[in-house]
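Shown here: structure13.csv, CSV, C-alpha atoms and all ligand atoms.
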chain,number,residue,atom,x,y,z
T,156,SER,CA,-15.9,30.5,6.6
T,157,ASP,CA,-18.7,32.7,5.1
T,158,SER,CA,-22.2,32.5,6.5
T,159,LEU,CA,-24.7,29.7,5.9
T,160,LYS,CA,-27.4,30.9,3.5
T,161,ILE,CA,-30.8,29.4,4.5
T,162,ALA,CA,-33.9,29.8,2.4
T,163,ILE,CA,-37.0,29.6,4.6
T,164,ILE,CA,-40.4,28.4,3.2
T,165,GLY,CA,-42.8,28.5,6.1
T,166,GLY,CA,-45.7,27.3,4.0
T,167,ASP,CA,-49.2,26.8,5.2
T,168,GLY,CA,-51.1,26.1,8.4
T,169,ILE,CA,-48.8,25.2,11.3
T,170,GLY,CA,-45.8,25.5,8.9
T,171,PRO,CA,-44.9,29.1,9.7
T,172,GLU,CA,-45.6,28.6,13.4
T,173,VAL,CA,-43.2,25.7,13.8
T,174,VAL,CA,-40.6,27.3,11.6
T,175,GLY,CA,-40.8,30.5,13.6
T,176,ALA,CA,-40.2,28.5,16.8
T,177,ALA,CA,-37.2,26.8,15.2
T,178,MET,CA,-35.7,30.0,13.9
T,179,ASN,CA,-35.9,31.4,17.5
T,180,VAL,CA,-33.9,28.4,18.6
T,181,LEU,CA,-31.3,29.0,15.8
T,182,GLU,CA,-31.0,32.7,16.8
T,183,ALA,CA,-30.3,31.6,20.4
T,184,ALA,CA,-28.0,28.7,19.5
T,185,ALA,CA,-25.8,30.2,16.8
T,186,PRO,CA,-23.6,32.8,18.7
T,187,ALA,CA,-22.1,30.3,21.2
T,188,SER,CA,-21.0,28.0,18.4
T,189,GLY,CA,-19.7,30.8,16.2
T,190,CYS,CA,-22.2,29.7,13.6
T,191,LYS,CA,-23.0,32.5,11.1
T,192,TYR,CA,-26.1,32.4,9.0
T,193,GLU,CA,-28.4,34.6,6.8
T,194,SER,CA,-32.0,33.6,6.2
T,195,THR,CA,-34.4,34.7,3.4
T,196,GLU,CA,-38.1,34.0,3.5
T,197,PHE,CA,-40.1,32.7,0.5
T,198,PRO,CA,-43.9,32.7,0.3
T,199,PHE,CA,-44.4,29.4,-1.7
T,200,SER,CA,-47.6,27.8,-0.3
T,201,ALA,CA,-51.2,27.0,-1.0
T,202,THR,CA,-52.1,30.4,0.5
T,203,HIS,CA,-49.7,32.2,-1.9
T,204,PHE,CA,-51.1,30.1,-4.9
T,205,LEU,CA,-54.7,31.1,-4.0
T,206,GLU,CA,-53.7,34.7,-3.8
T,207,THR,CA,-51.4,35.0,-6.8
T,208,GLY,CA,-51.9,31.9,-9.0
T,209,HIS,CA,-48.2,31.1,-8.7
T,210,VAL,CA,-47.0,27.8,-7.3
T,211,LEU,CA,-43.2,27.6,-7.9
T,212,GLU,CA,-41.8,28.7,-11.2
T,213,ASP,CA,-38.5,27.8,-12.8
T,214,VAL,CA,-37.1,31.2,-11.9
T,215,ASP,CA,-37.9,30.4,-8.2
T,216,ILE,CA,-36.0,27.2,-8.4
T,217,ALA,CA,-33.0,29.0,-9.9
T,218,GLU,CA,-33.2,31.5,-7.0
T,219,LEU,CA,-33.4,28.7,-4.4
T,220,ARG,CA,-30.3,27.0,-5.9
T,221,LYS,CA,-28.2,29.9,-4.6
T,222,PHE,CA,-28.8,28.9,-1.0
T,223,ASP,CA,-26.9,26.3,1.1
T,224,ALA,CA,-30.1,24.8,2.4
T,225,ILE,CA,-33.8,25.1,2.4
T,226,PHE,CA,-35.8,24.9,5.6
T,227,LEU,CA,-39.5,24.1,5.0
T,228,GLY,CA,-42.5,24.0,7.4
T,229,ALA,CA,-45.3,22.3,5.5
T,230,VAL,CA,-47.3,23.1,2.4
T,231,GLY,CA,-50.9,22.1,1.5
T,232,GLY,CA,-54.4,23.1,2.4
T,233,LEU,CA,-57.5,21.2,3.4
T,234,PRO,CA,-57.4,17.8,1.7
T,235,ASN,CA,-60.9,18.4,0.1
T,236,ASP,CA,-60.4,21.9,-1.2
T,237,PRO,CA,-61.4,21.8,-4.9
T,238,ARG,CA,-59.1,24.7,-5.8
T,239,LEU,CA,-56.1,22.6,-4.8
T,240,ALA,CA,-57.2,19.4,-6.4
T,241,GLY,CA,-54.8,17.2,-8.3
T,242,GLY,CA,-51.9,17.7,-5.8
T,243,VAL,CA,-51.2,21.1,-7.3
T,244,ILE,CA,-49.4,22.2,-4.2
T,245,GLU,CA,-47.7,18.9,-3.1
T,246,LYS,CA,-46.5,18.2,-6.7
T,247,GLY,CA,-45.9,21.8,-7.6
T,248,ILE,CA,-43.8,22.7,-4.6
T,249,LEU,CA,-42.6,19.8,-2.5
T,250,LEU,CA,-42.1,17.1,-5.1
T,251,LYS,CA,-40.8,19.7,-7.7
T,252,LEU,CA,-38.1,20.8,-5.2
T,253,ARG,CA,-37.1,17.2,-4.3
T,254,PHE,CA,-36.9,16.2,-8.0
T,255,GLU,CA,-35.4,19.4,-9.5
T,256,LEU,CA,-32.7,19.7,-6.7
T,257,ASP,CA,-32.0,16.0,-7.0
T,258,GLN,CA,-32.6,15.4,-3.3
T,259,TYR,CA,-32.5,11.7,-3.8
T,260,ILE,CA,-32.3,10.7,-0.2
T,261,ASN,CA,-35.0,11.3,2.3
T,262,LEU,CA,-33.5,10.6,5.7
T,263,ARG,CA,-36.1,10.0,8.4
T,264,PRO,CA,-34.9,8.9,11.9
T,265,VAL,CA,-37.3,6.9,14.1
T,266,THR,CA,-36.0,7.5,17.6
T,267,LEU,CA,-37.9,7.2,20.9
T,268,TYR,CA,-36.5,10.1,22.9
T,269,PRO,CA,-36.2,10.0,26.7
T,270,GLY,CA,-39.6,10.6,28.4
T,271,ILE,CA,-41.6,10.4,25.2
T,272,GLU,CA,-44.4,7.8,25.4
T,273,THR,CA,-44.7,5.2,22.6
T,274,PRO,CA,-48.1,3.5,22.0
T,275,LEU,CA,-46.1,0.2,21.9
T,276,ALA,CA,-46.5,-1.6,25.2
T,277,GLY,CA,-43.3,-2.6,26.9
T,278,LYS,CA,-41.0,-0.9,24.4
T,279,THR,CA,-38.4,1.7,25.5
T,280,SER,CA,-35.8,3.9,23.9
T,281,LYS,CA,-33.4,1.0,23.5
T,282,ASP,CA,-36.0,-0.8,21.3
T,283,ILE,CA,-37.0,2.1,19.0
T,284,ASP,CA,-33.9,3.6,17.5
T,285,PHE,CA,-33.5,3.2,13.7
T,286,ILE,CA,-33.4,5.4,10.6
T,287,CYS,CA,-35.1,5.1,7.3
T,288,VAL,CA,-33.3,5.9,4.1
T,289,ARG,CA,-36.2,6.6,1.7
T,290,GLU,CA,-35.5,7.0,-2.0
T,291,ASN,CA,-36.8,10.4,-3.0
T,292,THR,CA,-36.8,10.9,-6.8
T,293,GLU,CA,-38.4,7.8,-8.4
T,294,ASP,CA,-41.1,5.2,-7.9
T,295,LEU,CA,-44.8,6.0,-8.0
T,296,TYR,CA,-43.8,9.7,-7.4
T,297,CYS,CA,-42.6,10.2,-11.0
T,298,GLY,CA,-46.1,11.1,-12.1
T,299,VAL,CA,-46.0,8.6,-15.0
T,300,GLY,CA,-49.5,7.4,-16.0
T,301,GLY,CA,-52.8,8.6,-17.2
T,302,PHE,CA,-56.4,8.0,-18.0
T,303,VAL,CA,-58.3,6.3,-20.8
T,304,ARG,CA,-61.9,7.3,-21.2
T,305,LYS,CA,-61.9,9.4,-18.1
T,306,GLY,CA,-65.3,10.1,-16.7
T,307,THR,CA,-67.0,7.2,-18.5
T,308,PRO,CA,-68.0,3.8,-17.1
T,309,GLN,CA,-65.1,2.4,-19.1
T,310,GLU,CA,-62.6,4.6,-17.3
T,311,VAL,CA,-59.1,3.2,-16.9
T,312,SER,CA,-56.2,4.8,-15.0
T,313,ASN,CA,-52.7,3.7,-14.4
T,314,GLN,CA,-49.8,5.1,-12.3
T,315,THR,CA,-46.5,3.6,-13.0
T,316,MET,CA,-43.9,2.5,-10.5
T,317,VAL,CA,-40.5,3.6,-11.9
T,318,ALA,CA,-37.2,2.1,-10.7
T,319,THR,CA,-33.9,2.6,-12.3
T,320,ARG,CA,-30.6,0.8,-11.6
T,321,PHE,CA,-29.0,4.2,-11.2
T,322,GLY,CA,-31.6,5.5,-8.8
T,323,ALA,CA,-31.8,2.4,-6.7
T,324,GLU,CA,-28.0,2.0,-6.6
T,325,ARG,CA,-27.2,5.5,-5.4
T,326,CYS,CA,-29.8,5.3,-2.6
T,327,ILE,CA,-28.7,1.8,-1.5
T,328,ARG,CA,-25.1,2.8,-1.5
T,329,TYR,CA,-25.9,5.8,0.7
T,330,ALA,CA,-27.7,3.4,3.1
T,331,PHE,CA,-24.7,1.1,3.3
T,332,GLU,CA,-22.4,4.0,3.9
T,333,LEU,CA,-24.7,5.2,6.7
T,334,ALA,CA,-25.1,1.6,8.2
T,335,LYS,CA,-21.3,1.3,8.2
T,336,THR,CA,-21.0,4.3,10.6
T,337,ARG,CA,-23.5,2.9,13.1
T,338,GLN,CA,-22.8,0.7,16.0
T,339,ARG,CA,-25.0,-2.2,14.9
T,340,LYS,CA,-24.1,-1.9,11.2
T,341,GLN,CA,-27.3,-3.6,10.2
T,342,LEU,CA,-29.2,-2.7,7.0
T,343,THR,CA,-32.7,-4.0,6.0
T,344,LEU,CA,-34.1,-3.6,2.5
T,345,VAL,CA,-37.9,-3.1,2.5
T,346,HIS,CA,-39.9,-3.8,-0.7
T,347,LYS,CA,-42.6,-6.1,-2.0
T,348,THR,CA,-40.6,-8.4,-4.3
T,349,ASN,CA,-43.3,-11.1,-4.2
T,350,VAL,CA,-45.7,-8.9,-6.1
T,351,LEU,CA,-43.6,-6.1,-7.6
T,352,THR,CA,-41.6,-8.5,-9.6
T,353,PHE,CA,-40.0,-5.9,-11.9
T,354,ALA,CA,-39.2,-2.8,-9.8
T,355,GLY,CA,-38.7,-5.1,-6.7
T,356,ASP,CA,-36.3,-7.3,-8.6
T,357,THR,CA,-34.2,-4.3,-9.7
T,358,TRP,CA,-33.9,-3.2,-6.1
T,359,PHE,CA,-33.2,-6.7,-4.8
T,360,ARG,CA,-30.4,-7.5,-7.2
T,361,THR,CA,-28.9,-4.0,-6.8
T,362,PHE,CA,-29.0,-4.5,-3.0
T,363,GLN,CA,-27.2,-7.8,-3.3
T,364,ASP,CA,-24.6,-6.4,-5.7
T,365,VAL,CA,-23.8,-3.3,-3.5
T,366,ALA,CA,-23.7,-5.5,-0.3
T,367,SER,CA,-20.6,-7.3,-1.6
T,368,ASP,CA,-18.7,-4.0,-1.2
T,369,TYR,CA,-19.7,-3.8,2.5
T,370,PRO,CA,-18.8,-7.1,4.2
T,371,GLU,CA,-18.9,-5.3,7.6
T,372,VAL,CA,-22.6,-4.6,7.2
T,373,THR,CA,-25.1,-7.3,8.0
T,374,THR,CA,-28.1,-7.3,5.7
T,375,ASP,CA,-31.7,-8.5,5.7
T,376,TYR,CA,-34.8,-8.2,3.5
T,377,HIS,CA,-38.4,-7.7,4.6
T,378,HIS,CA,-41.6,-7.3,2.6
T,379,VAL,CA,-43.2,-4.0,3.4
T,380,ASP,CA,-46.3,-5.5,4.9
T,381,ALA,CA,-44.2,-7.6,7.3
T,382,CYS,CA,-42.1,-4.5,8.0
T,383,CYS,CA,-45.3,-2.7,9.3
T,384,MET,CA,-45.9,-5.7,11.6
T,385,TYR,CA,-42.2,-5.7,12.9
T,386,MET,CA,-42.2,-1.9,13.4
T,387,VAL,CA,-45.1,-2.4,15.8
T,388,ALA,CA,-44.3,-5.8,17.3
T,389,LYS,CA,-40.5,-5.9,17.2
T,390,PRO,CA,-39.1,-2.5,16.3
T,391,GLU,CA,-35.7,-3.5,17.8
T,392,VAL,CA,-34.9,-5.6,14.7
T,393,TYR,CA,-34.2,-2.4,12.8
T,394,ASP,CA,-31.0,-0.3,12.6
T,395,VAL,CA,-31.1,1.2,9.1
T,396,ILE,CA,-33.9,0.6,6.6
T,397,VAL,CA,-33.6,1.4,2.9
T,398,VAL,CA,-36.9,1.7,1.1
T,399,PRO,CA,-38.4,3.0,-2.2
T,400,ASN,CA,-40.3,6.3,-2.2
T,401,MET,CA,-44.0,5.2,-1.7
T,402,PHE,CA,-43.4,2.5,0.9
T,403,GLY,CA,-41.0,4.9,2.6
T,404,ASP,CA,-43.7,7.6,2.8
T,405,ILE,CA,-46.1,5.1,4.5
T,406,ILE,CA,-43.7,3.4,6.9
T,407,THR,CA,-42.3,6.8,8.1
T,408,ASP,CA,-45.7,8.0,9.3
T,409,LEU,CA,-45.9,4.7,11.2
T,410,GLY,CA,-42.4,5.4,12.5
T,411,ALA,CA,-43.5,8.8,13.7
T,412,ALA,CA,-46.4,7.2,15.5
T,413,ILE,CA,-44.3,4.6,17.4
T,414,ALA,CA,-41.8,7.3,18.3
T,415,GLY,CA,-44.5,9.3,20.0
T,416,GLY,CA,-46.3,11.3,17.3
T,417,MET,CA,-46.1,13.6,14.3
T,418,GLY,CA,-44.6,16.3,16.5
T,419,ILE,CA,-41.3,14.4,16.8
T,420,ALA,CA,-40.5,13.2,13.3
T,421,SER,CA,-37.8,15.1,11.5
T,422,SER,CA,-36.4,14.7,8.0
T,423,GLY,CA,-33.8,15.7,5.5
T,424,ASN,CA,-34.2,15.6,1.7
T,425,LEU,CA,-30.6,15.3,0.9
T,426,ASN,CA,-28.6,15.9,-2.3
T,427,PRO,CA,-25.5,14.1,-0.9
T,428,ASP,CA,-23.4,15.2,-3.9
T,429,GLY,CA,-23.9,18.9,-3.0
T,430,THR,CA,-24.9,19.8,-6.6
T,431,ALA,CA,-27.9,21.7,-5.2
T,432,PRO,CA,-29.2,22.6,-1.8
T,433,SER,CA,-30.7,20.0,0.5
T,434,MET,CA,-34.1,20.6,2.1
T,435,PHE,CA,-35.1,20.0,5.7
T,436,GLU,CA,-38.7,19.7,7.0
T,437,PRO,CA,-40.8,17.9,9.6
T,438,VAL,CA,-42.5,14.7,8.4
T,439,HIS,CA,-45.9,16.1,9.3
T,440,GLY,CA,-48.1,18.4,7.1
T,441,SER,CA,-49.8,21.7,7.6
T,442,ALA,CA,-52.3,20.3,10.1
T,443,PRO,CA,-55.2,22.6,9.2
T,444,ASP,CA,-57.2,21.2,12.1
T,445,ILE,CA,-54.8,22.8,14.7
T,446,ALA,CA,-53.4,25.8,12.6
T,447,GLY,CA,-53.3,29.3,14.2
T,448,GLN,CA,-53.9,28.1,17.7
T,449,ASN,CA,-50.4,27.8,19.1
T,450,LEU,CA,-51.0,24.0,19.5
T,451,ALA,CA,-48.5,22.5,17.2
T,452,ASN,CA,-45.5,20.8,18.6
T,453,PRO,CA,-42.4,22.4,17.0
T,454,ILE,CA,-39.9,19.6,18.1
T,455,ALA,CA,-40.0,17.8,14.8
T,456,THR,CA,-39.1,21.1,13.0
T,457,ILE,CA,-36.4,22.1,15.6
T,458,ASP,CA,-34.9,18.6,15.2
T,459,SER,CA,-35.0,19.1,11.4
T,460,LEU,CA,-33.1,22.3,11.9
T,461,GLY,CA,-30.4,20.4,13.8
T,462,LEU,CA,-30.1,18.0,10.9
T,463,LEU,CA,-29.9,20.9,8.5
T,464,LEU,CA,-27.0,22.4,10.4
T,465,ARG,CA,-25.1,19.1,10.7
T,466,GLU,CA,-25.6,18.0,7.1
T,467,THR,CA,-25.1,21.3,5.4
T,468,GLY,CA,-22.2,22.1,7.7
T,469,ARG,CA,-20.6,18.8,6.7
T,470,ILE,CA,-21.1,19.4,3.0
T,471,LYS,CA,-19.8,23.0,3.2
T,472,GLY,CA,-17.0,22.2,5.6
T,473,ASP,CA,-18.5,24.6,8.1
T,474,GLN,CA,-17.6,23.1,11.5
T,475,ALA,CA,-19.4,25.9,13.5
T,476,ALA,CA,-22.6,24.9,11.8
T,477,VAL,CA,-22.1,21.2,12.6
T,478,THR,CA,-21.4,22.2,16.3
T,479,CYS,CA,-24.5,24.3,16.4
T,480,GLY,CA,-26.5,21.4,14.9
T,481,GLU,CA,-25.2,19.1,17.6
T,482,ARG,CA,-26.2,21.6,20.3
T,483,VAL,CA,-29.7,21.9,18.9
T,484,GLY,CA,-30.0,18.1,18.8
T,485,ALA,CA,-28.8,17.8,22.4
T,486,ALA,CA,-31.2,20.5,23.5
T,487,VAL,CA,-34.1,18.6,22.0
T,488,LYS,CA,-33.1,15.5,23.8
T,489,ALA,CA,-32.7,17.4,27.1
T,490,VAL,CA,-36.3,18.7,26.8
T,491,THR,CA,-38.2,15.6,25.9
T,492,PRO,CA,-38.3,14.2,29.5
T,493,LYS,CA,-40.6,17.1,30.3
T,494,PHE,CA,-43.2,15.3,28.2
T,495,ALA,CA,-43.2,12.3,30.5
T,496,GLY,CA,-46.8,11.2,31.2
T,497,LYS,CA,-48.2,13.6,28.5
T,498,SER,CA,-49.1,13.1,24.8
T,499,LEU,CA,-46.4,14.6,22.7
T,500,ASP,CA,-48.8,16.1,20.1
T,501,ARG,CA,-51.4,17.3,22.7
T,502,SER,CA,-49.2,18.2,25.6
T,503,GLY,CA,-50.9,21.4,26.4
T,504,TYR,CA,-47.6,23.3,26.4
T,505,GLY,CA,-48.1,25.3,23.2
T,506,THR,CA,-45.8,26.0,20.3
T,507,ASP,CA,-44.1,29.1,21.9
T,508,LYS,CA,-43.6,27.4,25.2
T,509,ILE,CA,-42.0,24.3,23.7
T,510,GLY,CA,-39.7,26.5,21.6
T,511,GLN,CA,-38.7,28.4,24.7
T,512,MET,CA,-38.1,25.1,26.7
T,513,VAL,CA,-35.6,24.1,24.0
T,514,ILE,CA,-33.9,27.5,24.1
T,515,ASP,CA,-33.6,27.2,27.9
T,516,SER,CA,-31.9,23.8,27.7
T,517,LEU,CA,-29.4,24.9,25.0
G,601,LIG,P1,-50.8,16.3,8.9
G,601,LIG,O1,-49.5,15.7,9.2
G,601,LIG,O2,-50.8,17.7,8.5
G,601,LIG,O3,-51.8,16.1,10.1
G,601,LIG,C1,-52.1,14.8,10.6
G,601,LIG,C2,-52.6,14.8,12.1
G,601,LIG,O4,-51.4,15.1,12.9
G,601,LIG,C3,-53.5,16.0,12.4
G,601,LIG,O5,-54.4,15.6,13.4
G,601,LIG,C4,-52.6,17.1,13.0
G,601,LIG,O6,-53.2,17.9,13.9
G,601,LIG,C5,-51.5,16.2,13.7
G,601,LIG,N1,-50.2,16.9,13.7
G,601,LIG,C6,-49.4,17.1,12.6
G,601,LIG,N2,-48.3,17.8,13.0
G,601,LIG,C7,-48.4,18.1,14.3
G,601,LIG,C8,-47.6,18.8,15.3
G,601,LIG,N3,-46.5,19.3,14.9
G,601,LIG,N4,-48.1,18.9,16.5
G,601,LIG,C9,-49.2,18.3,16.9
G,601,LIG,N5,-50.1,17.6,16.1
G,601,LIG,C10,-49.7,17.5,14.8
G,601,LIG,O7,-51.4,15.4,7.7
G,601,LIG,P2,-52.7,15.6,6.8
G,601,LIG,O8,-53.8,16.1,7.6
G,601,LIG,O9,-52.9,14.4,6.0
G,601,LIG,O10,-52.3,16.7,5.7
G,601,LIG,C11,-52.6,18.1,5.8
G,601,LIG,C12,-52.0,18.9,4.6
G,601,LIG,O11,-50.6,18.8,4.7
G,601,LIG,C13,-52.4,18.2,3.3
G,601,LIG,O12,-52.6,19.3,2.4
G,601,LIG,C14,-51.1,17.4,2.9
G,601,LIG,O13,-51.0,17.3,1.5
G,601,LIG,C15,-50.1,18.3,3.5
G,601,LIG,N6,-48.8,17.6,3.8
G,601,LIG,C16,-47.7,18.3,3.6
G,601,LIG,C17,-46.5,17.8,3.9
G,601,LIG,C18,-45.2,18.6,3.7
G,601,LIG,O14,-45.3,19.8,3.4
G,601,LIG,N7,-44.1,18.0,3.9
G,601,LIG,C19,-46.4,16.5,4.5
G,601,LIG,C20,-47.6,15.8,4.7
G,601,LIG,C21,-48.8,16.4,4.4
G,602,LIG,C1,-44.2,13.6,3.1
G,602,LIG,C2,-45.6,13.9,2.5
G,602,LIG,C3,-45.4,14.1,1.0
G,602,LIG,C4,-44.9,12.8,0.4
G,602,LIG,C5,-46.6,14.6,0.2
G,602,LIG,C6,-47.2,15.8,0.9
G,602,LIG,C7,-46.3,14.9,-1.2
G,602,LIG,O1,-46.5,13.0,2.8
G,602,LIG,O2,-43.3,14.4,3.0
G,602,LIG,O3,-44.1,12.5,3.7
G,602,LIG,O4,-45.7,11.9,0.0
G,602,LIG,O5,-43.7,12.6,0.3
G,603,MN,MN,-45.8,11.5,4.1

Give the structure from this file in structure tokens form.
Amino acid sequence: SDSLKIAIIGGDGIGPEVVGAAMNVLEAAAPASGCKYESTEFPFSATHFLETGHVLEDVDIAELRKFDAIFLGAVGGLPNDPRLAGGVIEKGILLKLRFELDQYINLRPVTLYPGIETPLAGKTSKDIDFICVRENTEDLYCGVGGFVRKGTPQEVSNQTMVATRFGAERCIRYAFELAKTRQRKQLTLVHKTNVLTFAGDTWFRTFQDVASDYPEVTTDYHHVDACCMYMVAKPEVYDVIVVPNMFGDIITDLGAAIAGGMGIASSGNLNPDGTAPSMFEPVHGSAPDIAGQNLANPIATIDSLGLLLRETGRIKGDQAAVTCGERVGAAVKAVTPKFAGKSLDRSGYGTDKIGQMVIDSL
């Protein structure tokens, strides 16, 4: 098959550092699996915006559509930078790509790898092993809302939660298909139907309707507040979670924390229909507090690269890419025992060193 075309967006802060470490892993891993790839770098980032005034234009999206996958580090500057107010970067790059490229699934595994320490007392790898299917193109992320009398004492703002039957159903169906392939075949819907009686109701009824097509999958429902409690107190209850966009954002940072830290959490923004490229990125952001110091843990990004190779390889029918992705995933798991007794995110190993440890264990 022809080679895998990967668009690289390093982004800001630690983004380029962790993506650089991951690309070194790809370079080392590809030949043995016969995986052929070409990569092209794009500058979209807060830094690029401040230099040029450009965020991400429609022509850029058209260009990115030509690739098989997008690999992104992180975008965004300091949270209080007035020049970046109003989510100009997050909305203008990240959310624009997710929405325009119809990446309607955000897949976020929560797996406690061997040797990694969880803050949850008494929990081990067998207790923390689930995956979140976060809806990625609707909900509070649609940007529907506005102000009345902004800047006055009578100011009113609203921000609308949007749920469609179509959007909920394709996400829920994806989650059932995924649950079906897993050993436990268990799927939990997470929402807040006791308060969000419109959007939550659409999700709940859709979930029940789709469930009748999957008798082999056992189902459950948790309110999102209870889900946070279970994730900490009884994470073993989860196998697959399906969750709308905003709650999914929040619970997956909690997921990263129970699996050892931001340095471990990988994700894929998937367009499962293959009508546009999918995008792979760590869950964490640009971490301005540790940028440029070779301190960031690149494991989350390397694991996201593994996911990129497996998912894109599957969609393209490129078995060599799938095999390469499996090797990368296995190499990550072989390295994590070296973190035993250390903090994952402040291990003292350095970005370069961790990248090299993964390469050595390929
Ligand atoms: P963050 O994830 O960047 O950082 C949170 C904390 O985790 C920081 O203390 C940081 O040092 C630590 N951390 C993150 N990644 C780490 C790693 N790989 N190794 C070790 N420690 C790590 O979140 P934030 O500070 O809320 O956001 C910073 C910027 O990133 C903001 O502009 C935000 O909008 C943006 N952001 C971007 C993305 C993305 O591009 N996908 C995701 C989240 C946040
Ligand atoms: C994430 C991030 C983004 C989100 C932000 C930066 C727009 O937090 O990928 O989890 O909310 O989805
Ligand atoms: Mn987030």

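Of note, atom CA of Ile286 of chain T and atom CA of Asp356 of chain T are spaced 23.2 Å apart.
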
Counting only C-alpha atoms and all ligand atoms, what are the residues, protein, DNA or RNA alike, that approach ligand LIG 602 (chain G) to within 7 Å? I want them as a ChimeraX atom specification. /T:245-246,249-250,404,438-440

Give me, as JSON lines, the closest atom pair and its distance (Å, one decimal) for every residue of segment 263-319 of chain T within a cut-off of 8 Å of segment 485-492 of chain T, counting all atoms listed in the file, rows sorted by chain and rising number.
{"residue": "T:Tyr268", "atom": "CA", "partner": "T:Lys488", "partner_atom": "CA", "distance": 6.4}
{"residue": "T:Pro269", "atom": "CA", "partner": "T:Pro492", "partner_atom": "CA", "distance": 5.5}
{"residue": "T:Gly270", "atom": "CA", "partner": "T:Pro492", "partner_atom": "CA", "distance": 4.0}
{"residue": "T:Ile271", "atom": "CA", "partner": "T:Thr491", "partner_atom": "CA", "distance": 6.3}

Counting only C-alpha atoms and all ligand atoms, what residues are within 6 Å of ligand LIG 601 (chain G), given as a short mmCIF file (atom, residue, chain, number, x, y, z; two decimals) with C-alpha atoms, keeping the file's coordinate frame?
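Listing of out_9.cif after writing:
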data_model
loop_
_atom_site.label_atom_id
_atom_site.label_comp_id
_atom_site.auth_asym_id
_atom_site.auth_seq_id
_atom_site.Cartn_x
_atom_site.Cartn_y
_atom_site.Cartn_z
CA ALA T 229 -45.30 22.30 5.50
CA VAL T 230 -47.30 23.10 2.40
CA GLY T 231 -50.90 22.10 1.50
CA GLY T 232 -54.40 23.10 2.40
CA LEU T 233 -57.50 21.20 3.40
CA PRO T 234 -57.40 17.80 1.70
CA GLU T 245 -47.70 18.90 -3.10
CA MET T 417 -46.10 13.60 14.30
CA GLY T 418 -44.60 16.30 16.50
CA VAL T 438 -42.50 14.70 8.40
CA HIS T 439 -45.90 16.10 9.30
CA GLY T 440 -48.10 18.40 7.10
CA SER T 441 -49.80 21.70 7.60
CA ALA T 442 -52.30 20.30 10.10
CA ASP T 444 -57.20 21.20 12.10
CA ILE T 445 -54.80 22.80 14.70
CA ALA T 451 -48.50 22.50 17.20
CA ASN T 452 -45.50 20.80 18.60
CA PRO T 453 -42.40 22.40 17.00
CA ASP T 500 -48.80 16.10 20.10
#

Residues within 12 Å of Trp358 of chain T, please, as a PDB file with C-alpha atoms, in the coordinates of the input. Count only C-alpha atoms; anything in the same chain fewer than 6 positions from it doesn't count.
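Full text of out37.pdb as output:
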ATOM      1  CA  GLU T 290     -35.500   7.000  -2.000  1.00  0.00           C
ATOM      2  CA  ASP T 294     -41.100   5.200  -7.900  1.00  0.00           C
ATOM      3  CA  VAL T 317     -40.500   3.600 -11.900  1.00  0.00           C
ATOM      4  CA  ALA T 318     -37.200   2.100 -10.700  1.00  0.00           C
ATOM      5  CA  THR T 319     -33.900   2.600 -12.300  1.00  0.00           C
ATOM      6  CA  ARG T 320     -30.600   0.800 -11.600  1.00  0.00           C
ATOM      7  CA  PHE T 321     -29.000   4.200 -11.200  1.00  0.00           C
ATOM      8  CA  GLY T 322     -31.600   5.500  -8.800  1.00  0.00           C
ATOM      9  CA  ALA T 323     -31.800   2.400  -6.700  1.00  0.00           C
ATOM     10  CA  GLU T 324     -28.000   2.000  -6.600  1.00  0.00           C
ATOM     11  CA  ARG T 325     -27.200   5.500  -5.400  1.00  0.00           C
ATOM     12  CA  CYS T 326     -29.800   5.300  -2.600  1.00  0.00           C
ATOM     13  CA  ILE T 327     -28.700   1.800  -1.500  1.00  0.00           C
ATOM     14  CA  ARG T 328     -25.100   2.800  -1.500  1.00  0.00           C
ATOM     15  CA  LEU T 344     -34.100  -3.600   2.500  1.00  0.00           C
ATOM     16  CA  VAL T 345     -37.900  -3.100   2.500  1.00  0.00           C
ATOM     17  CA  HIS T 346     -39.900  -3.800  -0.700  1.00  0.00           C
ATOM     18  CA  LYS T 347     -42.600  -6.100  -2.000  1.00  0.00           C
ATOM     19  CA  THR T 348     -40.600  -8.400  -4.300  1.00  0.00           C
ATOM     20  CA  LEU T 351     -43.600  -6.100  -7.600  1.00  0.00           C
ATOM     21  CA  THR T 352     -41.600  -8.500  -9.600  1.00  0.00           C
ATOM     22  CA  ASP T 364     -24.600  -6.400  -5.700  1.00  0.00           C
ATOM     23  CA  VAL T 365     -23.800  -3.300  -3.500  1.00  0.00           C
ATOM     24  CA  ALA T 366     -23.700  -5.500  -0.300  1.00  0.00           C
ATOM     25  CA  TYR T 376     -34.800  -8.200   3.500  1.00  0.00           C
ATOM     26  CA  VAL T 397     -33.600   1.400   2.900  1.00  0.00           C
ATOM     27  CA  VAL T 398     -36.900   1.700   1.100  1.00  0.00           C
ATOM     28  CA  PRO T 399     -38.400   3.000  -2.200  1.00  0.00           C
TER      29      PRO T 399
END

Which residues, written as a list in words, have at least one atom at most 12 Å from Ser502 of chain T, with only C-alpha atoms counted and residues fewer than 3 positions away on the same chain left out? Ile271, Glu272, Gly415, Gly416, Gly418, Asn449, Leu450, Ala451, Asn452, Pro453, Thr491, Lys493, Phe494, Ala495, Gly496, Lys497, Ser498, Leu499, Gly505, Thr506, Lys508 and Ile509 of chain T

Once you count all atoms listed in the file, which residues end up within 10 Å of ligand MN 603 (chain G), and could you hand them over as an MDAnalysis selection string? chainID T and resid 400:409 437:440
